[in-house]
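Novice: The structure follows.
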Amino acid sequence: MRTTTSLIALLGAVALFGCSSSDTGPGETPEDQMLEPPAEGTGVQYRMISTIQPGEEVERCQLFVAPPEGLNVNRETVRFSSGSHHVLLYTTPYTEIPPKTLSGATLDATEVHDCSNGPQAEWDVTGVVAGSQSPDGNSFLGELPEGVAVKVPPGTVLLMNTHYLNASSEPLETDARINLYTIADSEVKVEAGMLFHYNPFISVPARDESSARMRCTTEKDISVVRIQSHMHRRGVGYLAQKVDLDGKTTDLYAHNKWEGVPSEKFEPFLELKAGEALDYRCDFKNSEDRNIAQGLTTKDEMCMLIGPYFPRSRAYENCASEEGGFRASTWFGSGTSTCTEAVSCMSTPDQDEAAFYGCVVNSCESVGPQLSKVITCQISGGYGACDEDCSEDPEACGTCITTACAAEMEACEAATCD
């Protein structure tokens with residue numbers, strides 16, 4: 001298998017959200033249905049206005065600074081004009097507006113600017129506060145219970161992101177607005193978080209179909225308010241299930257949309273006990289003459305599960321473990337390869353990303369747990385045991401990881417597709 005460094009780069013596991021845009025754009029949102037800002041003292045509005053030239057597809061970003069007292073977000077509403085698939089508001093690690101992008105460009109990021117390689121190519125992002133994939137306001141956060149809020153620390157730099165396609169012959173004036181409604185510190189009883197489960201193992205052959213499936217096991221009891229999917233335009237099906245402690249599965253949410261995406265609100269809340277899991281699958285159909293892999297742009301694909309929950313568990317938000325890394329993650333293939341064959345496949349030199357991710361997609365379902373443990377051990381450098389070797393010498397790194405992950409590899413070799 002590849003070294004820890006190359007695996008991390010290929011998996012794209014730190015990617016928080018890509019963009020996709022429809023060929024025709026969603027329906028118009030009349031001006032009288034756009035949002036007025038919250039009343040003074042009840043919240044804040046973040047707004048982006050820009051002009052898209054005829055035939056232009058562009059992703060744009062704008063940075064804002066949260067109020068000095070911070071934000072306790074209990075509710076959001078979102079509206080955006082036609083031609084976009086989504087509007088997002090990210091958190092970042094910045095406490096002041098950076099003068100340069102990650103690519104080294106100097107600009108005033110408080111103004112609308114192009115970020116057509118995806119916001120993560122230009123700025124560090126740490127999570128999502130709000131957003132919507134539907135112009136009529138079917139948003140990610142929605143409304144939380146009384147006394148529950150997503151907390152944005154004082155002075156946090158927020159990144160607002162839109163992706164528009166103007167399929168017309170005239171310039172398109174776009175308007176996107178996110179209202180965050182807040183409660184006082186004294187009213188916050190429980191901090192909420194946003195699930196952001198991202199499956200990196202997507203590979204759809206040219207003129208073919210495939211699926212991507214991921215299971216995320218929680219280490220703490222949580223209550224899920226709602227969930228929503230995210231796929232790009234090759235997405236033709238989605239299914240999310242709850243997995244009980246005894247392995248019993250219950251269907252939670254199913255649809256066939258990649259745009260105008262519905263959400264599933266749980267009334268009462270979906271209760272997940274420690275050791276239970278959310279399991280979700282994306283089905284893809286590729287009509288192009290090229291192989292498609294996971295990634296951040298419209299040329300790539302995504303398979304995500306998103307939704308607000310409480311109390312907050314920072315690790316589980318990204319399908320990780322409190323111990324670190326991907327120990328909460330299990331990836332399932334839908335093919336016929338054994339665990340050993342999948343590991344050997346992933347070790348093939350000089351293969352492209354679609355082929356690399358396809359090694360997992362083409363594995364059989366029954367070896368998912370064993371294969372996932374090998375991958376997790378490899379990515380984490382033997383769960384941290386090989387950090388020193390891997391920072392100095394690639395050869396020593398590989399030797400160390402082979403030793404540190406021997407038990408996981410032995411279980412992999414014993415796993416069968418029967």
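Every chain in the structure tokens has a letter given in the order shown (A, B, ...), and although residue numbers restart at 1 in each chain, ligands are simply numbered from 1 in the order shown.
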Which residues of stretch 275-321 of chain A come within 10 Å of stretch 245-263 of chain A, and for each one, what is the closest pair of atoms and their distance in Å to one decimal, counting only C-alpha atoms, sorted by chain and residue number, as CSV?
Specialist:
residue,atom,partner,partner_atom,distance
A:Gly275,CA,A:Leu245,CA,6.2
A:Glu276,CA,A:Leu245,CA,5.4
A:Ala277,CA,A:Leu245,CA,8.3
A:Leu278,CA,A:Leu252,CA,9.3
A:Asp279,CA,A:Thr249,CA,8.7
A:Tyr280,CA,A:Tyr253,CA,9.1
A:Arg281,CA,A:Ala254,CA,9.6
A:Cys282,CA,A:Asn256,CA,9.3
A:Asp283,CA,A:Asn256,CA,8.7
A:Ile306,CA,A:Ser263,CA,9.5
A:Gly307,CA,A:Ser263,CA,8.9
Novice: Among the residues of stretch 122-202 of chain A, find those DSSP assigns to strand (DSSP E or B) from the backbone and print them as a PyMOL selection string.
Specialist: chain A and resi 127-132+139+143+148-152+157-165+172-182+190-198
Novice: Quick one: everything within 8 Å of stretch 48-57 of chain A, counting only C-alpha atoms, minus sequence neighbours fewer than 3 positions away in the same chain. Send it as a PDB file with N, CA and C atoms, in the first residue's frame.
Specialist:
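Saved file around_39.pdb follows:
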ATOM      1  N   GLN A  62     -16.391  34.832  -0.250  1.00  0.00           N
ATOM      2  CA  GLN A  62     -16.279  36.112   0.447  1.00  0.00           C
ATOM      3  C   GLN A  62     -16.095  35.810   1.925  1.00  0.00           C
ATOM      4  N   VAL A 112     -16.172  39.970  -2.832  1.00  0.00           N
ATOM      5  CA  VAL A 112     -16.436  38.740  -3.568  1.00  0.00           C
ATOM      6  C   VAL A 112     -15.274  38.458  -4.514  1.00  0.00           C
ATOM      7  N   MET A 160     -18.164  32.516   3.082  1.00  0.00           N
ATOM      8  CA  MET A 160     -19.398  32.244   2.349  1.00  0.00           C
ATOM      9  C   MET A 160     -19.033  31.858   0.916  1.00  0.00           C
ATOM     10  N   HIS A 163     -21.705  28.750  -5.957  1.00  0.00           N
ATOM     11  CA  HIS A 163     -21.266  28.196  -7.243  1.00  0.00           C
ATOM     12  C   HIS A 163     -22.398  28.418  -8.234  1.00  0.00           C
ATOM     13  N   TYR A 164     -22.141  29.200  -9.265  1.00  0.00           N
ATOM     14  CA  TYR A 164     -23.188  29.559 -10.222  1.00  0.00           C
ATOM     15  C   TYR A 164     -22.809  29.163 -11.644  1.00  0.00           C
ATOM     16  N   LEU A 165     -23.822  28.803 -12.407  1.00  0.00           N
ATOM     17  CA  LEU A 165     -23.692  28.580 -13.841  1.00  0.00           C
ATOM     18  C   LEU A 165     -24.732  29.441 -14.546  1.00  0.00           C
ATOM     19  N   ASN A 166     -24.274  30.281 -15.455  1.00  0.00           N
ATOM     20  CA  ASN A 166     -25.185  31.097 -16.251  1.00  0.00           C
ATOM     21  C   ASN A 166     -25.315  30.483 -17.636  1.00  0.00           C
ATOM     22  N   ALA A 167     -26.402  29.748 -17.837  1.00  0.00           N
ATOM     23  CA  ALA A 167     -26.624  29.080 -19.119  1.00  0.00           C
ATOM     24  C   ALA A 167     -27.332  29.978 -20.131  1.00  0.00           C
ATOM     25  N   SER A 168     -27.588  31.226 -19.757  1.00  0.00           N
ATOM     26  CA  SER A 168     -28.313  32.131 -20.643  1.00  0.00           C
ATOM     27  C   SER A 168     -27.352  32.959 -21.496  1.00  0.00           C
ATOM     28  N   SER A 169     -27.931  33.812 -22.335  1.00  0.00           N
ATOM     29  CA  SER A 169     -27.129  34.676 -23.207  1.00  0.00           C
ATOM     30  C   SER A 169     -26.977  36.081 -22.643  1.00  0.00           C
ATOM     31  N   GLU A 170     -27.488  36.285 -21.417  1.00  0.00           N
ATOM     32  CA  GLU A 170     -27.406  37.586 -20.766  1.00  0.00           C
ATOM     33  C   GLU A 170     -26.687  37.458 -19.424  1.00  0.00           C
ATOM     34  N   PRO A 171     -26.062  38.545 -18.946  1.00  0.00           N
ATOM     35  CA  PRO A 171     -25.445  38.503 -17.620  1.00  0.00           C
ATOM     36  C   PRO A 171     -26.481  38.134 -16.550  1.00  0.00           C
ATOM     37  N   LEU A 172     -26.038  37.357 -15.557  1.00  0.00           N
ATOM     38  CA  LEU A 172     -26.917  36.897 -14.480  1.00  0.00           C
ATOM     39  C   LEU A 172     -26.524  37.589 -13.183  1.00  0.00           C
ATOM     40  N   GLU A 173     -27.464  38.363 -12.618  1.00  0.00           N
ATOM     41  CA  GLU A 173     -27.226  39.021 -11.346  1.00  0.00           C
ATOM     42  C   GLU A 173     -27.650  38.061 -10.228  1.00  0.00           C
ATOM     43  N   THR A 174     -26.714  37.696  -9.372  1.00  0.00           N
ATOM     44  CA  THR A 174     -26.992  36.697  -8.339  1.00  0.00           C
ATOM     45  C   THR A 174     -27.006  37.329  -6.950  1.00  0.00           C
ATOM     46  N   ASP A 175     -27.819  36.753  -6.093  1.00  0.00           N
ATOM     47  CA  ASP A 175     -27.998  37.258  -4.729  1.00  0.00           C
ATOM     48  C   ASP A 175     -28.195  36.052  -3.820  1.00  0.00           C
ATOM     49  N   ALA A 176     -27.311  35.882  -2.862  1.00  0.00           N
ATOM     50  CA  ALA A 176     -27.416  34.772  -1.911  1.00  0.00           C
ATOM     51  C   ALA A 176     -27.384  35.341  -0.494  1.00  0.00           C
ATOM     52  N   ARG A 177     -28.312  34.877   0.356  1.00  0.00           N
ATOM     53  CA  ARG A 177     -28.423  35.414   1.714  1.00  0.00           C
ATOM     54  C   ARG A 177     -28.604  34.280   2.730  1.00  0.00           C
TER      55      ARG A 177
END
Novice: Applying 10 Å and only C-alpha atoms, which residues near stretch 232-238 of chain A remain after dropping the ones on its own chain fewer than 4 positions away? List them as a PDB file with N, CA, C and O atoms, in the first residue's frame.
Specialist:
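Contents of out.pdb, as written:
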ATOM      1  N   GLY A  18     -17.346  19.992  -1.706  1.00  0.00           N
ATOM      2  CA  GLY A  18     -17.125  20.393  -3.089  1.00  0.00           C
ATOM      3  C   GLY A  18     -18.358  21.060  -3.630  1.00  0.00           C
ATOM      4  O   GLY A  18     -19.334  21.239  -2.929  1.00  0.00           O
ATOM      5  N   CYS A  19     -18.310  21.385  -4.885  1.00  0.00           N
ATOM      6  CA  CYS A  19     -19.415  22.117  -5.479  1.00  0.00           C
ATOM      7  C   CYS A  19     -19.895  21.417  -6.721  1.00  0.00           C
ATOM      8  O   CYS A  19     -19.124  20.851  -7.464  1.00  0.00           O
ATOM      9  N   SER A  20     -21.168  21.505  -6.956  1.00  0.00           N
ATOM     10  CA  SER A  20     -21.729  21.034  -8.215  1.00  0.00           C
ATOM     11  C   SER A  20     -22.797  22.000  -8.642  1.00  0.00           C
ATOM     12  O   SER A  20     -23.468  22.610  -7.829  1.00  0.00           O
ATOM     13  N   SER A  21     -22.957  22.139  -9.923  1.00  0.00           N
ATOM     14  CA  SER A  21     -23.976  23.058 -10.413  1.00  0.00           C
ATOM     15  C   SER A  21     -24.769  22.389 -11.507  1.00  0.00           C
ATOM     16  O   SER A  21     -24.245  21.607 -12.285  1.00  0.00           O
ATOM     17  N   SER A  22     -26.023  22.706 -11.580  1.00  0.00           N
ATOM     18  CA  SER A  22     -26.870  22.083 -12.583  1.00  0.00           C
ATOM     19  C   SER A  22     -26.664  22.751 -13.928  1.00  0.00           C
ATOM     20  O   SER A  22     -26.158  23.855 -14.033  1.00  0.00           O
ATOM     21  N   ASP A  23     -27.098  22.056 -14.977  1.00  0.00           N
ATOM     22  CA  ASP A  23     -26.965  22.610 -16.320  1.00  0.00           C
ATOM     23  C   ASP A  23     -27.991  23.698 -16.579  1.00  0.00           C
ATOM     24  O   ASP A  23     -27.789  24.575 -17.402  1.00  0.00           O
ATOM     25  N   HIS A  85     -26.450  25.605  -7.282  1.00  0.00           N
ATOM     26  CA  HIS A  85     -26.822  24.353  -6.616  1.00  0.00           C
ATOM     27  C   HIS A  85     -26.792  24.490  -5.103  1.00  0.00           C
ATOM     28  O   HIS A  85     -27.505  23.803  -4.394  1.00  0.00           O
ATOM     29  N   VAL A 204     -16.284   5.760 -10.458  1.00  0.00           N
ATOM     30  CA  VAL A 204     -17.355   5.405 -11.388  1.00  0.00           C
ATOM     31  C   VAL A 204     -16.742   5.270 -12.784  1.00  0.00           C
ATOM     32  O   VAL A 204     -16.358   6.269 -13.395  1.00  0.00           O
ATOM     33  N   GLU A 209     -21.839   2.244 -13.945  1.00  0.00           N
ATOM     34  CA  GLU A 209     -22.468   2.586 -12.685  1.00  0.00           C
ATOM     35  C   GLU A 209     -21.640   2.024 -11.528  1.00  0.00           C
ATOM     36  O   GLU A 209     -20.895   1.054 -11.697  1.00  0.00           O
ATOM     37  N   SER A 210     -21.781   2.627 -10.359  1.00  0.00           N
ATOM     38  CA  SER A 210     -21.156   2.088  -9.149  1.00  0.00           C
ATOM     39  C   SER A 210     -21.811   2.716  -7.928  1.00  0.00           C
ATOM     40  O   SER A 210     -22.643   3.630  -8.057  1.00  0.00           O
ATOM     41  N   SER A 211     -21.420   2.222  -6.748  1.00  0.00           N
ATOM     42  CA  SER A 211     -21.938   2.750  -5.487  1.00  0.00           C
ATOM     43  C   SER A 211     -20.792   3.043  -4.544  1.00  0.00           C
ATOM     44  O   SER A 211     -19.690   2.486  -4.678  1.00  0.00           O
ATOM     45  N   ALA A 212     -21.042   3.915  -3.601  1.00  0.00           N
ATOM     46  CA  ALA A 212     -20.088   4.222  -2.544  1.00  0.00           C
ATOM     47  C   ALA A 212     -20.838   4.143  -1.211  1.00  0.00           C
ATOM     48  O   ALA A 212     -21.888   4.761  -1.062  1.00  0.00           O
ATOM     49  N   ARG A 213     -20.292   3.373  -0.264  1.00  0.00           N
ATOM     50  CA  ARG A 213     -20.998   3.173   1.005  1.00  0.00           C
ATOM     51  C   ARG A 213     -20.041   3.352   2.173  1.00  0.00           C
ATOM     52  O   ARG A 213     -18.893   2.885   2.133  1.00  0.00           O
ATOM     53  N   GLN A 228     -29.292  15.239   5.550  1.00  0.00           N
ATOM     54  CA  GLN A 228     -29.420  15.601   4.145  1.00  0.00           C
ATOM     55  C   GLN A 228     -28.205  15.047   3.410  1.00  0.00           C
ATOM     56  O   GLN A 228     -27.108  14.947   3.970  1.00  0.00           O
ATOM     57  N   TYR A 253     -33.762   7.460   5.268  1.00  0.00           N
ATOM     58  CA  TYR A 253     -33.825   8.558   4.293  1.00  0.00           C
ATOM     59  C   TYR A 253     -33.405   8.005   2.941  1.00  0.00           C
ATOM     60  O   TYR A 253     -32.338   7.407   2.821  1.00  0.00           O
ATOM     61  N   ALA A 254     -34.255   8.159   1.948  1.00  0.00           N
ATOM     62  CA  ALA A 254     -33.926   7.661   0.615  1.00  0.00           C
ATOM     63  C   ALA A 254     -34.524   8.578  -0.439  1.00  0.00           C
ATOM     64  O   ALA A 254     -35.640   9.081  -0.283  1.00  0.00           O
ATOM     65  N   HIS A 255     -33.780   8.806  -1.523  1.00  0.00           N
ATOM     66  CA  HIS A 255     -34.270   9.621  -2.635  1.00  0.00           C
ATOM     67  C   HIS A 255     -33.343   9.422  -3.826  1.00  0.00           C
ATOM     68  O   HIS A 255     -32.357   8.668  -3.745  1.00  0.00           O
ATOM     69  N   ASN A 256     -33.613  10.106  -4.916  1.00  0.00           N
ATOM     70  CA  ASN A 256     -32.796   9.969  -6.126  1.00  0.00           C
ATOM     71  C   ASN A 256     -32.380  11.320  -6.692  1.00  0.00           C
ATOM     72  O   ASN A 256     -32.185  11.459  -7.898  1.00  0.00           O
ATOM     73  N   LYS A 257     -32.209  12.318  -5.838  1.00  0.00           N
ATOM     74  CA  LYS A 257     -31.923  13.682  -6.306  1.00  0.00           C
ATOM     75  C   LYS A 257     -30.504  14.112  -5.935  1.00  0.00           C
ATOM     76  O   LYS A 257     -30.038  13.878  -4.827  1.00  0.00           O
ATOM     77  N   TRP A 258     -29.845  14.793  -6.863  1.00  0.00           N
ATOM     78  CA  TRP A 258     -28.562  15.415  -6.556  1.00  0.00           C
ATOM     79  C   TRP A 258     -28.702  16.939  -6.440  1.00  0.00           C
ATOM     80  O   TRP A 258     -27.815  17.615  -5.919  1.00  0.00           O
ATOM     81  N   GLU A 259     -29.823  17.487  -6.923  1.00  0.00           N
ATOM     82  CA  GLU A 259     -30.122  18.905  -6.734  1.00  0.00           C
ATOM     83  C   GLU A 259     -31.569  19.021  -6.269  1.00  0.00           C
ATOM     84  O   GLU A 259     -32.366  18.090  -6.419  1.00  0.00           O
ATOM     85  N   TYR A 280     -24.565   5.039   5.139  1.00  0.00           N
ATOM     86  CA  TYR A 280     -25.179   5.670   3.968  1.00  0.00           C
ATOM     87  C   TYR A 280     -24.490   5.247   2.679  1.00  0.00           C
ATOM     88  O   TYR A 280     -23.304   4.907   2.676  1.00  0.00           O
ATOM     89  N   ARG A 281     -25.279   5.262   1.606  1.00  0.00           N
ATOM     90  CA  ARG A 281     -24.799   4.799   0.301  1.00  0.00           C
ATOM     91  C   ARG A 281     -25.249   5.753  -0.794  1.00  0.00           C
ATOM     92  O   ARG A 281     -26.384   6.221  -0.806  1.00  0.00           O
ATOM     93  N   CYS A 282     -24.338   6.038  -1.721  1.00  0.00           N
ATOM     94  CA  CYS A 282     -24.647   6.834  -2.910  1.00  0.00           C
ATOM     95  C   CYS A 282     -24.507   5.953  -4.141  1.00  0.00           C
ATOM     96  O   CYS A 282     -23.516   5.219  -4.278  1.00  0.00           O
ATOM     97  N   ASP A 283     -25.480   6.020  -5.025  1.00  0.00           N
ATOM     98  CA  ASP A 283     -25.439   5.286  -6.293  1.00  0.00           C
ATOM     99  C   ASP A 283     -25.170   6.273  -7.423  1.00  0.00           C
ATOM    100  O   ASP A 283     -25.792   7.346  -7.489  1.00  0.00           O
ATOM    101  N   PHE A 284     -24.261   5.901  -8.324  1.00  0.00           N
ATOM    102  CA  PHE A 284     -23.836   6.797  -9.397  1.00  0.00           C
ATOM    103  C   PHE A 284     -24.006   6.145 -10.756  1.00  0.00           C
ATOM    104  O   PHE A 284     -23.845   4.934 -10.912  1.00  0.00           O
ATOM    105  N   LYS A 285     -24.306   6.978 -11.752  1.00  0.00           N
ATOM    106  CA  LYS A 285     -24.350   6.554 -13.150  1.00  0.00           C
ATOM    107  C   LYS A 285     -23.560   7.555 -13.971  1.00  0.00           C
ATOM    108  O   LYS A 285     -23.866   8.746 -13.984  1.00  0.00           O
ATOM    109  N   ASN A 286     -22.551   7.079 -14.657  1.00  0.00           N
ATOM    110  CA  ASN A 286     -21.623   7.935 -15.392  1.00  0.00           C
ATOM    111  C   ASN A 286     -21.891   7.829 -16.891  1.00  0.00           C
ATOM    112  O   ASN A 286     -21.698   6.772 -17.494  1.00  0.00           O
ATOM    113  N   SER A 287     -22.330   8.912 -17.493  1.00  0.00           N
ATOM    114  CA  SER A 287     -22.601   8.931 -18.935  1.00  0.00           C
ATOM    115  C   SER A 287     -21.429   9.483 -19.736  1.00  0.00           C
ATOM    116  O   SER A 287     -21.525   9.648 -20.958  1.00  0.00           O
ATOM    117  N   GLU A 288     -20.309   9.756 -19.076  1.00  0.00           N
ATOM    118  CA  GLU A 288     -19.146  10.345 -19.750  1.00  0.00           C
ATOM    119  C   GLU A 288     -18.175   9.264 -20.211  1.00  0.00           C
ATOM    120  O   GLU A 288     -18.183   8.130 -19.716  1.00  0.00           O
ATOM    121  N   ILE A 292     -14.629   8.581 -13.338  1.00  0.00           N
ATOM    122  CA  ILE A 292     -14.897   9.637 -12.367  1.00  0.00           C
ATOM    123  C   ILE A 292     -14.445   9.175 -10.986  1.00  0.00           C
ATOM    124  O   ILE A 292     -14.740   8.049 -10.569  1.00  0.00           O
ATOM    125  N   GLN A 294     -13.756  10.630  -6.651  1.00  0.00           N
ATOM    126  CA  GLN A 294     -14.182  11.648  -5.693  1.00  0.00           C
ATOM    127  C   GLN A 294     -13.299  12.872  -5.831  1.00  0.00           C
ATOM    128  O   GLN A 294     -12.138  12.786  -6.219  1.00  0.00           O
ATOM    129  N   LEU A 296     -13.295  17.656  -5.402  1.00  0.00           N
ATOM    130  CA  LEU A 296     -13.928  18.902  -4.992  1.00  0.00           C
ATOM    131  C   LEU A 296     -14.673  19.635  -6.094  1.00  0.00           C
ATOM    132  O   LEU A 296     -15.448  20.545  -5.808  1.00  0.00           O
ATOM    133  N   THR A 297     -14.447  19.272  -7.344  1.00  0.00           N
ATOM    134  CA  THR A 297     -15.019  20.063  -8.430  1.00  0.00           C
ATOM    135  C   THR A 297     -16.191  19.343  -9.091  1.00  0.00           C
ATOM    136  O   THR A 297     -16.480  18.178  -8.809  1.00  0.00           O
ATOM    137  N   THR A 298     -16.844  20.033 -10.033  1.00  0.00           N
ATOM    138  CA  THR A 298     -17.958  19.431 -10.761  1.00  0.00           C
ATOM    139  C   THR A 298     -17.505  18.296 -11.670  1.00  0.00           C
ATOM    140  O   THR A 298     -18.326  17.503 -12.116  1.00  0.00           O
ATOM    141  N   LYS A 299     -16.207  18.211 -11.942  1.00  0.00           N
ATOM    142  CA  LYS A 299     -15.688  17.112 -12.742  1.00  0.00           C
ATOM    143  C   LYS A 299     -15.585  15.833 -11.926  1.00  0.00           C
ATOM    144  O   LYS A 299     -15.356  14.751 -12.465  1.00  0.00           O
ATOM    145  N   ASP A 300     -15.711  15.961 -10.603  1.00  0.00           N
ATOM    146  CA  ASP A 300     -15.560  14.848  -9.685  1.00  0.00           C
ATOM    147  C   ASP A 300     -16.921  14.484  -9.084  1.00  0.00           C
ATOM    148  O   ASP A 300     -17.944  15.063  -9.439  1.00  0.00           O
ATOM    149  N   GLU A 301     -16.919  13.541  -8.131  1.00  0.00           N
ATOM    150  CA  GLU A 301     -18.129  13.164  -7.436  1.00  0.00           C
ATOM    151  C   GLU A 301     -17.947  13.261  -5.922  1.00  0.00           C
ATOM    152  O   GLU A 301     -16.837  13.333  -5.412  1.00  0.00           O
ATOM    153  N   MET A 302     -19.087  13.265  -5.218  1.00  0.00           N
ATOM    154  CA  MET A 302     -19.093  13.300  -3.763  1.00  0.00           C
ATOM    155  C   MET A 302     -20.196  12.406  -3.228  1.00  0.00           C
ATOM    156  O   MET A 302     -21.209  12.176  -3.900  1.00  0.00           O
ATOM    157  N   CYS A 303     -20.000  11.949  -1.993  1.00  0.00           N
ATOM    158  CA  CYS A 303     -21.009  11.169  -1.286  1.00  0.00           C
ATOM    159  C   CYS A 303     -20.920  11.563   0.181  1.00  0.00           C
ATOM    160  O   CYS A 303     -19.964  11.203   0.868  1.00  0.00           O
ATOM    161  N   MET A 304     -21.929  12.328   0.639  1.00  0.00           N
ATOM    162  CA  MET A 304     -21.857  12.887   1.987  1.00  0.00           C
ATOM    163  C   MET A 304     -23.175  12.714   2.730  1.00  0.00           C
ATOM    164  O   MET A 304     -24.247  12.589   2.122  1.00  0.00           O
ATOM    165  N   LEU A 305     -23.082  12.740   4.046  1.00  0.00           N
ATOM    166  CA  LEU A 305     -24.233  12.831   4.947  1.00  0.00           C
ATOM    167  C   LEU A 305     -24.005  14.033   5.851  1.00  0.00           C
ATOM    168  O   LEU A 305     -22.959  14.124   6.506  1.00  0.00           O
TER     169      LEU A 305
END
Novice: Taking the DSSP secondary structure from the backbone, can you list the residues of stretch 325-415 of chain A that are alpha helix (DSSP H), as number ranges by chain?
Specialist: A: 339-346, 353-361, 368-379, 387-390, 394-404, 406-414
Novice: I'd like the contact shell of A:Phe64 - 9 Å cut-off, only C-alpha atoms, skipping same-chain residues fewer than 3 positions apart - returned as a ChimeraX atom specification.
Specialist: /A:46,97,109-110,156-160
Novice: With only C-alpha atoms as the atoms that count, which of A:Ser203, A:Ser321, A:Ser103, A:Ser344 lies nearest to A:Ala121?
Specialist: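 Nearest candidate to A:Ala121 out of A:Ser203, A:Ser321, A:Ser103, A:Ser344: A:Ser103.
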Novice: Let me make sure I understand: among A:Ser334, A:Ala184, A:Lys242, A:Ser134, which one has the smallest atom-to-atom distance to A:Val367 if we use only C-alpha atoms?
Specialist: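 For A:Val367, the nearest of the given residues is A:Ser334.
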Novice: Using Å and a single decimal, report how far atom CA of A:Thr348 sits from atom CA of A:Ile401.
Specialist: 17.1 Å
Novice: Could you tell me how far atom CA of A:Thr162 sits from atom CA of A:Pro205, in Å to one decimal place?
Specialist: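 Going from atom CA of A:Pro205 over to atom CA of A:Thr162 covers 28.8 Å.
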